[in-house]
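Participant: Input structure: data.json, which contains JSON, C-alpha atoms.
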[["chain", "number", "residue", "atom", "x", "y", "z"],
["K", 1, "MET", "CA", 20.67, 176.66, 114.90],
["K", 2, "SER", "CA", 23.47, 178.98, 114.01],
["K", 3, "ALA", "CA", 24.51, 181.56, 116.55],
["K", 4, "THR", "CA", 26.04, 184.70, 115.22],
["K", 5, "PRO", "CA", 29.08, 185.93, 117.11],
["K", 6, "PRO", "CA", 28.74, 189.21, 118.98],
["K", 7, "PRO", "CA", 30.03, 192.30, 117.20],
["K", 8, "PRO", "CA", 33.59, 193.34, 118.01],
["K", 9, "PRO", "CA", 34.08, 196.15, 120.52],
["K", 10, "PRO", "CA", 34.44, 199.64, 119.07],
["K", 11, "GLN", "CA", 38.02, 200.58, 118.29],
["K", 12, "GLN", "CA", 39.97, 203.65, 117.35],
["K", 13, "PRO", "CA", 39.81, 204.00, 113.55],
["K", 14, "TYR", "CA", 42.99, 203.96, 111.51],
["K", 15, "GLY", "CA", 44.51, 207.37, 111.21],
["K", 16, "GLY", "CA", 43.02, 208.51, 114.51],
["K", 17, "GLN", "CA", 44.45, 211.40, 116.46],
["K", 18, "ALA", "CA", 47.90, 210.77, 117.85],
["K", 19, "GLN", "CA", 48.28, 211.33, 121.54],
["K", 20, "SER", "CA", 50.13, 214.56, 122.25],
["K", 21, "LEU", "CA", 53.38, 214.52, 124.16],
["K", 22, "SER", "CA", 53.98, 216.25, 127.47],
["K", 23, "PRO", "CA", 56.09, 219.44, 127.28],
["K", 24, "ALA", "CA", 59.03, 217.63, 128.91],
["K", 25, "ASP", "CA", 58.84, 214.82, 126.35],
["K", 26, "GLU", "CA", 58.61, 217.30, 123.49],
["K", 27, "LYS", "CA", 61.73, 219.06, 124.73],
["K", 28, "LEU", "CA", 63.57, 215.75, 125.14],
["K", 29, "TRP", "CA", 62.73, 214.45, 121.67],
["K", 30, "ALA", "CA", 63.51, 217.79, 120.02],
["K", 31, "THR", "CA", 66.89, 217.87, 121.76],
["K", 32, "LEU", "CA", 67.68, 214.28, 120.75],
["K", 33, "ILE", "CA", 66.74, 214.92, 117.13],
["K", 34, "HIS", "CA", 69.06, 217.93, 116.91],
["K", 35, "ILE", "CA", 71.95, 216.02, 118.54],
["K", 36, "GLY", "CA", 71.22, 212.99, 116.36],
["K", 37, "GLY", "CA", 71.84, 215.17, 113.31],
["K", 38, "ILE", "CA", 75.48, 215.53, 114.36],
["K", 39, "LEU", "CA", 76.00, 211.78, 114.42],
["K", 40, "PHE", "CA", 73.63, 210.43, 111.77],
["K", 41, "ASN", "CA", 72.95, 213.42, 109.46],
["K", 42, "TRP", "CA", 69.36, 213.59, 108.17],
["K", 43, "ILE", "CA", 68.09, 210.19, 109.39],
["K", 44, "PRO", "CA", 67.01, 211.20, 112.96],
["K", 45, "ALA", "CA", 65.34, 214.35, 111.65],
["K", 46, "LEU", "CA", 63.39, 212.42, 109.01],
["K", 47, "VAL", "CA", 62.32, 209.67, 111.40],
["K", 48, "GLY", "CA", 61.41, 212.24, 114.06],
["K", 49, "TYR", "CA", 59.41, 214.27, 111.58],
["K", 50, "LEU", "CA", 57.48, 211.27, 110.27],
["K", 51, "VAL", "CA", 56.76, 209.80, 113.71],
["K", 52, "LEU", "CA", 56.36, 212.85, 115.96],
["K", 53, "LYS", "CA", 55.03, 215.66, 113.73],
["K", 54, "ASP", "CA", 51.43, 215.20, 114.91],
["K", 55, "ARG", "CA", 52.28, 215.09, 118.60],
["K", 56, "GLY", "CA", 52.45, 218.82, 119.24],
["K", 57, "PRO", "CA", 53.37, 222.16, 117.68],
["K", 58, "PHE", "CA", 56.73, 222.39, 119.47],
["K", 59, "ILE", "CA", 58.01, 219.02, 118.31],
["K", 60, "ARG", "CA", 56.63, 219.58, 114.80],
["K", 61, "SER", "CA", 58.48, 222.88, 114.52],
["K", 62, "HIS", "CA", 61.77, 221.43, 115.73],
["K", 63, "THR", "CA", 61.61, 218.27, 113.62],
["K", 64, "ALA", "CA", 60.75, 220.26, 110.48],
["K", 65, "THR", "CA", 63.52, 222.75, 111.20],
["K", 66, "ALA", "CA", 66.06, 219.99, 111.83],
["K", 67, "LEU", "CA", 65.01, 218.15, 108.68],
["K", 68, "ASN", "CA", 65.32, 221.30, 106.56],
["K", 69, "PHE", "CA", 68.78, 221.98, 107.98],
["K", 70, "GLN", "CA", 70.01, 218.43, 107.50],
["K", 71, "ILE", "CA", 68.75, 218.33, 103.89],
["K", 72, "THR", "CA", 70.57, 221.62, 103.25],
["K", 73, "LEU", "CA", 73.75, 220.17, 104.75],
["K", 74, "PHE", "CA", 73.36, 217.01, 102.69],
["K", 75, "ILE", "CA", 73.31, 219.16, 99.55],
["K", 76, "GLY", "CA", 76.46, 220.85, 100.85],
["K", 77, "TYR", "CA", 78.12, 217.47, 101.40],
["K", 78, "VAL", "CA", 77.26, 216.34, 97.86],
["K", 79, "VAL", "CA", 78.62, 219.58, 96.36],
["K", 80, "GLY", "CA", 81.75, 219.23, 98.52],
["K", 81, "TRP", "CA", 82.35, 215.66, 97.36],
["K", 82, "ILE", "CA", 81.89, 216.63, 93.73],
["K", 83, "LEU", "CA", 84.21, 219.63, 94.05],
["K", 84, "SER", "CA", 86.81, 217.67, 95.99],
["K", 85, "ILE", "CA", 88.18, 216.70, 92.59],
["K", 86, "VAL", "CA", 89.40, 220.29, 92.23],
["K", 87, "GLY", "CA", 90.44, 220.69, 95.87],
["K", 88, "ILE", "CA", 87.96, 223.36, 96.99],
["K", 89, "GLY", "CA", 85.54, 220.62, 97.95],
["K", 90, "LEU", "CA", 87.61, 219.67, 100.99],
["K", 91, "ILE", "CA", 87.16, 223.17, 102.39],
["K", 92, "ILE", "CA", 83.41, 222.96, 101.70],
["K", 93, "LEU", "CA", 83.20, 219.58, 103.44],
["K", 94, "LEU", "CA", 85.03, 220.93, 106.48],
["K", 95, "ALA", "CA", 82.80, 224.02, 106.60],
["K", 96, "VAL", "CA", 79.61, 221.95, 106.36],
["K", 97, "TRP", "CA", 80.84, 219.60, 109.09],
["K", 98, "VAL", "CA", 81.61, 222.52, 111.44],
["K", 99, "LEU", "CA", 78.25, 224.19, 110.68],
["K", 100, "ASN", "CA", 76.49, 220.93, 111.49],
["K", 101, "ILE", "CA", 78.15, 220.63, 114.88],
["K", 102, "VAL", "CA", 77.81, 224.28, 115.93],
["K", 103, "PHE", "CA", 74.24, 224.93, 114.82],
["K", 104, "SER", "CA", 72.95, 221.53, 115.98],
["K", 105, "ILE", "CA", 74.31, 222.15, 119.47],
["K", 106, "ILE", "CA", 72.73, 225.62, 119.55],
["K", 107, "ALA", "CA", 69.41, 224.17, 118.38],
["K", 108, "ALA", "CA", 69.57, 221.37, 120.96],
["K", 109, "ILE", "CA", 70.17, 223.89, 123.75],
["K", 110, "LYS", "CA", 67.23, 226.02, 122.58],
["K", 111, "ALA", "CA", 65.01, 222.94, 122.35],
["K", 112, "ASN", "CA", 66.02, 221.85, 125.84],
["K", 113, "GLN", "CA", 65.10, 225.31, 127.13],
["K", 114, "GLY", "CA", 61.68, 225.05, 125.48],
["K", 115, "GLN", "CA", 62.36, 227.76, 122.90],
["K", 116, "PHE", "CA", 61.68, 227.65, 119.18],
["K", 117, "TYR", "CA", 64.73, 227.83, 116.92],
["K", 118, "THR", "CA", 65.32, 228.36, 113.21],
["K", 119, "TYR", "CA", 68.66, 227.50, 111.64],
["K", 120, "PRO", "CA", 70.11, 230.56, 109.89],
["K", 121, "VAL", "CA", 71.40, 228.73, 106.79],
["K", 122, "ALA", "CA", 68.61, 226.21, 106.17],
["K", 123, "ILE", "CA", 66.59, 226.07, 102.97],
["K", 124, "LYS", "CA", 62.91, 225.48, 103.75],
["K", 125, "PHE", "CA", 61.87, 222.19, 102.14],
["K", 126, "VAL", "CA", 59.40, 220.98, 104.78],
["K", 127, "SER", "CA", 57.02, 223.17, 106.75]]
Before we go any further, please render this structure as structure tokens.

Facilitator:
Amino acid sequence: MSATPPPPPPQQPYGGQAQSLSPADEKLWATLIHIGGILFNWIPALVGYLVLKDRGPFIRSHTATALNFQITLFIGYVVGWILSIVGIGLIILLAVWVLNIVFSIIAAIKANQGQFYTYPVAIKFVS
């Protein structure tokens, strides 16, 4: 006599709906992603976009906006490093660094207040 084991309990399929975040959590994560861009450039924005984009429209908007801005700044850093051979690149690097600090702080404040924000100098790569 061979007894067949009982079927496994039903489970959530792979790729199921992600649980949405509370508005307070969305504001917190959006704020942290914008501030993280000051310290770690595009890495927090990319990780936040990949992990949190399906958790709510507010967090998706802020992570996409932060990622677009950080990619734009990364292009500015690369151009600055290349042009530093001629000297003008140092001014570009300084300008990009200041833009990163100023606009990331403004975006973090807007995110903390629960408002949507779009960086004025960002190229739209991700929507």

Participant: Please provide the set of residues having any atom within 7 Å of Lys27 (chain K), restricted to all atoms listed in the file, with same-chain residues fewer than 4 positions apart removed, written as a ChimeraX atom specification.

Facilitator: /K:23,31,111-112,114

Participant: Just how far from CA of Gly48 (chain K) is CA of Trp97 (chain K), in Å to one decimal?

Facilitator: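 Spanning CA of Trp97 (chain K) to CA of Gly48 (chain K) is a straight-line distance of 21.4 Å.
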
Participant: Between CA of Trp29 (chain K) and CA of Ile59 (chain K), what distance in Å does the model show, to one decimal?

Facilitator: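 For CA of Trp29 (chain K) relative to CA of Ile59 (chain K), the distance reads 7.4 Å.
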
Participant: CA of Leu21 (chain K) and CA of Gly56 (chain K) are how many Å apart?

Facilitator: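 Pair CA of Leu21 (chain K) / CA of Gly56 (chain K) returns 6.6 Å.
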
Participant: Measuring atom to atom with all atoms listed in the file, identify which of K:Thr4, K:Ser20, K:Asn68, K:Thr63 is nearest to Tyr49 (chain K).

Facilitator: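 Smallest distance to Tyr49 (chain K) is found for K:Thr63.
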
Participant: May I have the residues within 6 Å of Gln70 (chain K) as a PDB file with C-alpha atoms, in the frame of the given file, using all atoms listed in the file and disregarding those fewer than 3 positions away in the same chain?

Facilitator:
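Output contents, as saved in part-v1.pdb:
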ATOM      1  CA  TRP K  42      69.360 213.590 108.170  1.00  0.00           C
ATOM      2  CA  LEU K  67      65.010 218.150 108.680  1.00  0.00           C
ATOM      3  CA  LEU K  73      73.750 220.170 104.750  1.00  0.00           C
TER       4      LEU K  73
END

Participant: Taking all atoms listed in the file into account, name the residue in K:Ile38, K:Ala122, K:Leu28, K:Ile105 that is nearest to Phe69 (chain K).

Facilitator: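 Going through K:Ile38, K:Ala122, K:Leu28, K:Ile105 one by one, the smallest distance to Phe69 (chain K) is for K:Ala122.
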
Participant: Identify which of the residues K:Ser84, K:Leu93, K:Lys124, K:Phe58 lies closest to Ala24 (chain K), counting all atoms listed in the file when measuring atom-to-atom distances.

Facilitator: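 Of all the options, K:Phe58 lies closest to Ala24 (chain K).
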